[in-house]
Amino acid sequence: MRTRAEILRCAARLFAERGYQQTGIKDVAEQVGMTKGAVYFHFPNKQALAVAVVEALYATWPRTLEAVRAKGLSPLDTVIEMFNEATSAFLNDPIMQAGTRLQNERDVIDVELPLPYVDWTTLISSLLREAAAQGQLAEDVDPEVAARVAVAAFFGAQHISNNLYDRADFAERWREVRDLLFPALRAKPRGPGNG
Ligand code: LUB
């Protein structure tokens, strides 16, 4: 099991750096310091490795959510914190970097990868519905629409930063998106002249 995880991590590094086409099982074996046979024992082919990397990425979110939930934030702040966590992962975690790159290359990968974006959109929708139920969203905000817009904005910023600057400016680009978007979703505090 440890071996499998090590192979996955090395494969993720290579997929993230070179992309799917330019990565071979041989390169993965070299990186992890094993024979090709040892890699094949855990993953029958490169396709299986790509699927496993993307699945490993998607498997992290429920754990991240649990950790964020434990902070006891409001639902809207939980949404923001989940995106902050995704930002750190994109900057630091090879599985996240590889999963993102593989999903961007999905058209030219000869295996069906899990559908991108849908789990996140579902997760954010459900948190935003909670936020709405608690009166945390501005009245005219539809949680489903807001979830789609937030996920699209995150991915857009991620994609641009990745392609133009190798992610170097992403933390800052995400803060910009966050600080423009979420105040617009949040219920305005009631006060004199404000309802
Ligand atoms: C997640 C990526 C990278 C979303 O599809 C997806 O849900 C994801 C790649 O497509 O991370 C992180 C907000």
# chains A, B, ... in the order shown; residues from 1 in each chain; ligands from 1
call {"tool": "residues_around", "arguments": {"residues": "range 61-76 of chain A", "least_positions_apart": "6", "cutoff": "10 Å", "atoms": "only C-alpha atoms", "output": "list of chain:residue names"}}
result
A:Met82, A:Glu85, A:Ala86, A:Asp119, A:Trp120, A:Leu123, A:Ile124, A:Ser126, A:Leu127, A:Leu128, A:Arg129, A:Glu130, A:Ala131, A:Ala132, A:Ala133, A:Gln134, A:Gln136, A:Leu137, A:Phe182, A:Leu185, A:Arg186
call {"tool": "residues_near_ligand", "arguments": {"ligand": "ligand 1", "cutoff": "10 Å", "atoms": "only C-alpha atoms and all ligand atoms", "output": "CSV table (one decimal) with N, CA, C and O atoms, in the first residue's frame"}}
result
chain,number,residue,atom,x,y,z
A,54,VAL,N,-6.2,11.0,-10.6
A,54,VAL,CA,-7.4,11.9,-10.6
A,54,VAL,C,-8.4,11.4,-9.5
A,54,VAL,O,-8.9,12.2,-8.7
A,57,LEU,N,-7.0,12.6,-6.2
A,57,LEU,CA,-7.3,14.0,-6.0
A,57,LEU,C,-8.8,14.1,-5.5
A,57,LEU,O,-9.0,14.8,-4.4
A,58,TYR,N,-9.7,13.5,-6.1
A,58,TYR,CA,-11.1,13.7,-5.7
A,58,TYR,C,-11.4,13.1,-4.4
A,58,TYR,O,-12.3,13.5,-3.7
A,60,THR,N,-9.5,13.4,-1.9
A,60,THR,CA,-9.1,14.3,-0.8
A,60,THR,C,-10.1,15.2,-0.3
A,60,THR,O,-10.1,15.7,0.8
A,61,TRP,N,-11.1,15.6,-1.2
A,61,TRP,CA,-12.0,16.7,-0.8
A,61,TRP,C,-12.9,16.4,0.4
A,61,TRP,O,-13.1,17.2,1.3
A,82,MET,N,-12.8,26.3,1.9
A,82,MET,CA,-12.6,25.1,1.0
A,82,MET,C,-11.8,25.6,-0.3
A,82,MET,O,-10.9,24.9,-0.7
A,83,PHE,N,-12.2,26.7,-0.8
A,83,PHE,CA,-11.5,27.3,-1.9
A,83,PHE,C,-10.0,27.7,-1.5
A,83,PHE,O,-9.1,27.5,-2.3
A,84,ASN,N,-9.9,28.2,-0.3
A,84,ASN,CA,-8.5,28.5,0.2
A,84,ASN,C,-7.7,27.2,0.2
A,84,ASN,O,-6.5,27.2,-0.1
A,85,GLU,N,-8.3,26.1,0.7
A,85,GLU,CA,-7.6,24.8,0.8
A,85,GLU,C,-7.2,24.4,-0.6
A,85,GLU,O,-6.2,23.8,-0.8
A,86,ALA,N,-8.2,24.5,-1.6
A,86,ALA,CA,-7.9,24.1,-2.9
A,86,ALA,C,-6.7,24.9,-3.5
A,86,ALA,O,-5.9,24.4,-4.3
A,87,THR,N,-6.7,26.2,-3.1
A,87,THR,CA,-5.6,27.0,-3.6
A,87,THR,C,-4.2,26.5,-3.0
A,87,THR,O,-3.3,26.4,-3.8
A,89,ALA,N,-3.5,23.5,-2.1
A,89,ALA,CA,-3.3,22.2,-2.8
A,89,ALA,C,-2.7,22.5,-4.2
A,89,ALA,O,-1.7,21.8,-4.6
A,90,PHE,N,-3.3,23.4,-4.9
A,90,PHE,CA,-2.8,23.7,-6.3
A,90,PHE,C,-1.4,24.2,-6.2
A,90,PHE,O,-0.6,23.9,-7.1
A,95,ILE,N,-0.4,15.9,-6.5
A,95,ILE,CA,-1.6,15.2,-6.9
A,95,ILE,C,-2.6,16.2,-7.5
A,95,ILE,O,-3.3,15.9,-8.5
A,96,MET,N,-2.8,17.3,-6.8
A,96,MET,CA,-3.7,18.4,-7.3
A,96,MET,C,-3.2,19.0,-8.6
A,96,MET,O,-3.9,19.2,-9.6
A,97,GLN,N,-1.9,19.2,-8.7
A,97,GLN,CA,-1.3,19.8,-9.9
A,97,GLN,C,-1.4,18.8,-11.1
A,97,GLN,O,-1.8,19.2,-12.2
A,98,ALA,N,-1.2,17.5,-10.8
A,98,ALA,CA,-1.3,16.5,-11.8
A,98,ALA,C,-2.8,16.3,-12.2
A,98,ALA,O,-3.1,16.2,-13.4
A,99,GLY,N,-3.7,16.2,-11.2
A,99,GLY,CA,-5.1,16.0,-11.5
A,99,GLY,C,-5.6,17.1,-12.4
A,99,GLY,O,-6.4,16.9,-13.4
A,100,THR,N,-5.2,18.4,-12.1
A,100,THR,CA,-5.6,19.5,-12.9
A,100,THR,C,-5.1,19.4,-14.4
A,100,THR,O,-5.9,19.6,-15.3
A,101,ARG,N,-3.8,19.1,-14.5
A,101,ARG,CA,-3.3,19.0,-15.8
A,101,ARG,C,-3.9,17.8,-16.6
A,101,ARG,O,-4.2,18.0,-17.8
A,102,LEU,N,-4.1,16.7,-15.9
A,102,LEU,CA,-4.7,15.5,-16.6
A,102,LEU,C,-6.1,15.9,-17.1
A,102,LEU,O,-6.5,15.6,-18.2
A,103,GLN,N,-6.9,16.6,-16.2
A,103,GLN,CA,-8.2,16.9,-16.6
A,103,GLN,C,-8.2,17.9,-17.8
A,103,GLN,O,-9.0,17.8,-18.7
A,104,ASN,N,-7.2,18.8,-17.9
A,104,ASN,CA,-7.1,19.7,-19.0
A,104,ASN,C,-6.7,19.0,-20.3
A,104,ASN,O,-7.0,19.4,-21.4
A,105,GLU,N,-6.1,17.8,-20.1
A,105,GLU,CA,-5.6,17.0,-21.3
A,105,GLU,C,-6.6,15.9,-21.6
A,105,GLU,O,-6.3,15.0,-22.4
A,106,ARG,N,-7.8,15.9,-21.0
A,106,ARG,CA,-8.7,14.7,-21.0
A,106,ARG,C,-9.0,14.3,-22.4
A,106,ARG,O,-9.3,13.2,-22.7
A,114,PRO,N,-12.7,10.4,-14.5
A,114,PRO,CA,-13.9,10.9,-13.8
A,114,PRO,C,-14.2,12.3,-14.3
A,114,PRO,O,-13.3,13.1,-14.6
A,115,LEU,N,-15.5,12.6,-14.3
A,115,LEU,CA,-15.9,14.0,-14.8
A,115,LEU,C,-15.3,15.1,-13.9
A,115,LEU,O,-15.4,15.0,-12.7
A,116,PRO,N,-14.8,16.1,-14.5
A,116,PRO,CA,-14.2,17.2,-13.7
A,116,PRO,C,-15.3,18.1,-13.2
A,116,PRO,O,-16.4,18.2,-13.8
A,117,TYR,N,-15.0,18.9,-12.2
A,117,TYR,CA,-15.8,20.1,-11.7
A,117,TYR,C,-17.1,19.7,-11.1
A,117,TYR,O,-17.6,20.5,-10.3
A,118,VAL,N,-17.7,18.5,-11.4
A,118,VAL,CA,-19.1,18.3,-10.9
A,118,VAL,C,-19.2,18.1,-9.4
A,118,VAL,O,-20.1,18.6,-8.8
A,119,ASP,N,-18.2,17.4,-8.9
A,119,ASP,CA,-18.2,17.1,-7.4
A,119,ASP,C,-18.1,18.4,-6.7
A,119,ASP,O,-18.8,18.7,-5.7
A,120,TRP,N,-17.2,19.3,-7.2
A,120,TRP,CA,-17.0,20.6,-6.5
A,120,TRP,C,-18.2,21.4,-6.6
A,120,TRP,O,-18.6,22.1,-5.6
A,121,THR,N,-18.9,21.4,-7.8
A,121,THR,CA,-20.0,22.3,-7.9
A,121,THR,C,-21.2,21.8,-7.0
A,121,THR,O,-21.8,22.6,-6.3
A,122,THR,N,-21.3,20.5,-6.9
A,122,THR,CA,-22.3,19.9,-6.0
A,122,THR,C,-22.0,20.3,-4.5
A,122,THR,O,-22.9,20.7,-3.8
A,123,LEU,N,-20.7,20.1,-4.2
A,123,LEU,CA,-20.3,20.4,-2.8
A,123,LEU,C,-20.6,21.9,-2.4
A,123,LEU,O,-21.2,22.2,-1.4
A,124,ILE,N,-20.2,22.8,-3.3
A,124,ILE,CA,-20.4,24.2,-3.1
A,124,ILE,C,-21.9,24.6,-3.1
A,124,ILE,O,-22.3,25.4,-2.2
A,150,ALA,N,-18.8,30.6,-8.8
A,150,ALA,CA,-17.6,30.5,-7.9
A,150,ALA,C,-16.6,29.4,-8.5
A,150,ALA,O,-15.4,29.6,-8.6
A,151,VAL,N,-17.1,28.3,-8.8
A,151,VAL,CA,-16.2,27.2,-9.4
A,151,VAL,C,-15.6,27.6,-10.7
A,151,VAL,O,-14.4,27.5,-10.9
A,152,ALA,N,-16.4,28.3,-11.6
A,152,ALA,CA,-15.9,28.7,-12.8
A,152,ALA,C,-14.8,29.8,-12.6
A,152,ALA,O,-13.8,29.8,-13.3
A,153,ALA,N,-15.0,30.7,-11.7
A,153,ALA,CA,-14.0,31.7,-11.4
A,153,ALA,C,-12.8,31.1,-10.9
A,153,ALA,O,-11.6,31.5,-11.3
A,154,PHE,N,-12.9,30.2,-10.0
A,154,PHE,CA,-11.7,29.5,-9.4
A,154,PHE,C,-10.9,28.8,-10.5
A,154,PHE,O,-9.7,29.0,-10.7
A,155,PHE,N,-11.6,28.0,-11.4
A,155,PHE,CA,-10.9,27.3,-12.4
A,155,PHE,C,-10.3,28.3,-13.5
A,155,PHE,O,-9.3,28.1,-14.0
A,158,GLN,N,-7.2,29.7,-12.0
A,158,GLN,CA,-6.3,28.6,-11.9
A,158,GLN,C,-5.6,28.4,-13.3
A,158,GLN,O,-4.4,28.3,-13.4
A,159,HIS,N,-6.5,28.3,-14.3
A,159,HIS,CA,-6.0,28.0,-15.6
A,159,HIS,C,-5.1,29.1,-16.2
A,159,HIS,O,-4.0,28.9,-16.7
call {"tool": "closest_residue", "arguments": {"among": "A:Asn45, A:Pro94, A:Gly33, A:Gly156", "to": "Val177 in chain A", "atoms": "only C-alpha atoms"}}
result
A:Gly156
call {"tool": "select_by_dssp", "arguments": {"residues": "chain A", "states": "helix (DSSP H, G or I)", "output": "PyMOL selection string"}}
result
chain A and resi 2-18+25-32+36-42+46-69+75-92+94-104+106-108+118-133+143-165+170-185
call {"tool": "closest_residue", "arguments": {"among": "A:Gln31, A:Ala184, A:Gly24, A:Ser88", "to": "Ala146 in chain A", "atoms": "only C-alpha atoms"}}
result
A:Ala184
call {"tool": "closest_residue", "arguments": {"among": "A:Ile160, A:Pro192, A:Ser125, A:Val79", "to": "Val145 in chain A", "atoms": "only C-alpha atoms"}}
result
A:Ser125
call {"tool": "atom_distance", "arguments": {"atom1": "CA of Glu172 in chain A", "atom2": "CA of Tyr20 in chain A"}}
result
28.3 Å
call {"tool": "atom_distance", "arguments": {"atom1": "CA of Asn162 in chain A", "atom2": "CA of Leu91 in chain A"}}
result
9.9 Å
call {"tool": "atom_distance", "arguments": {"atom1": "CA of Gln22 in chain A", "atom2": "CA of Val108 in chain A"}}
result
12.1 Å
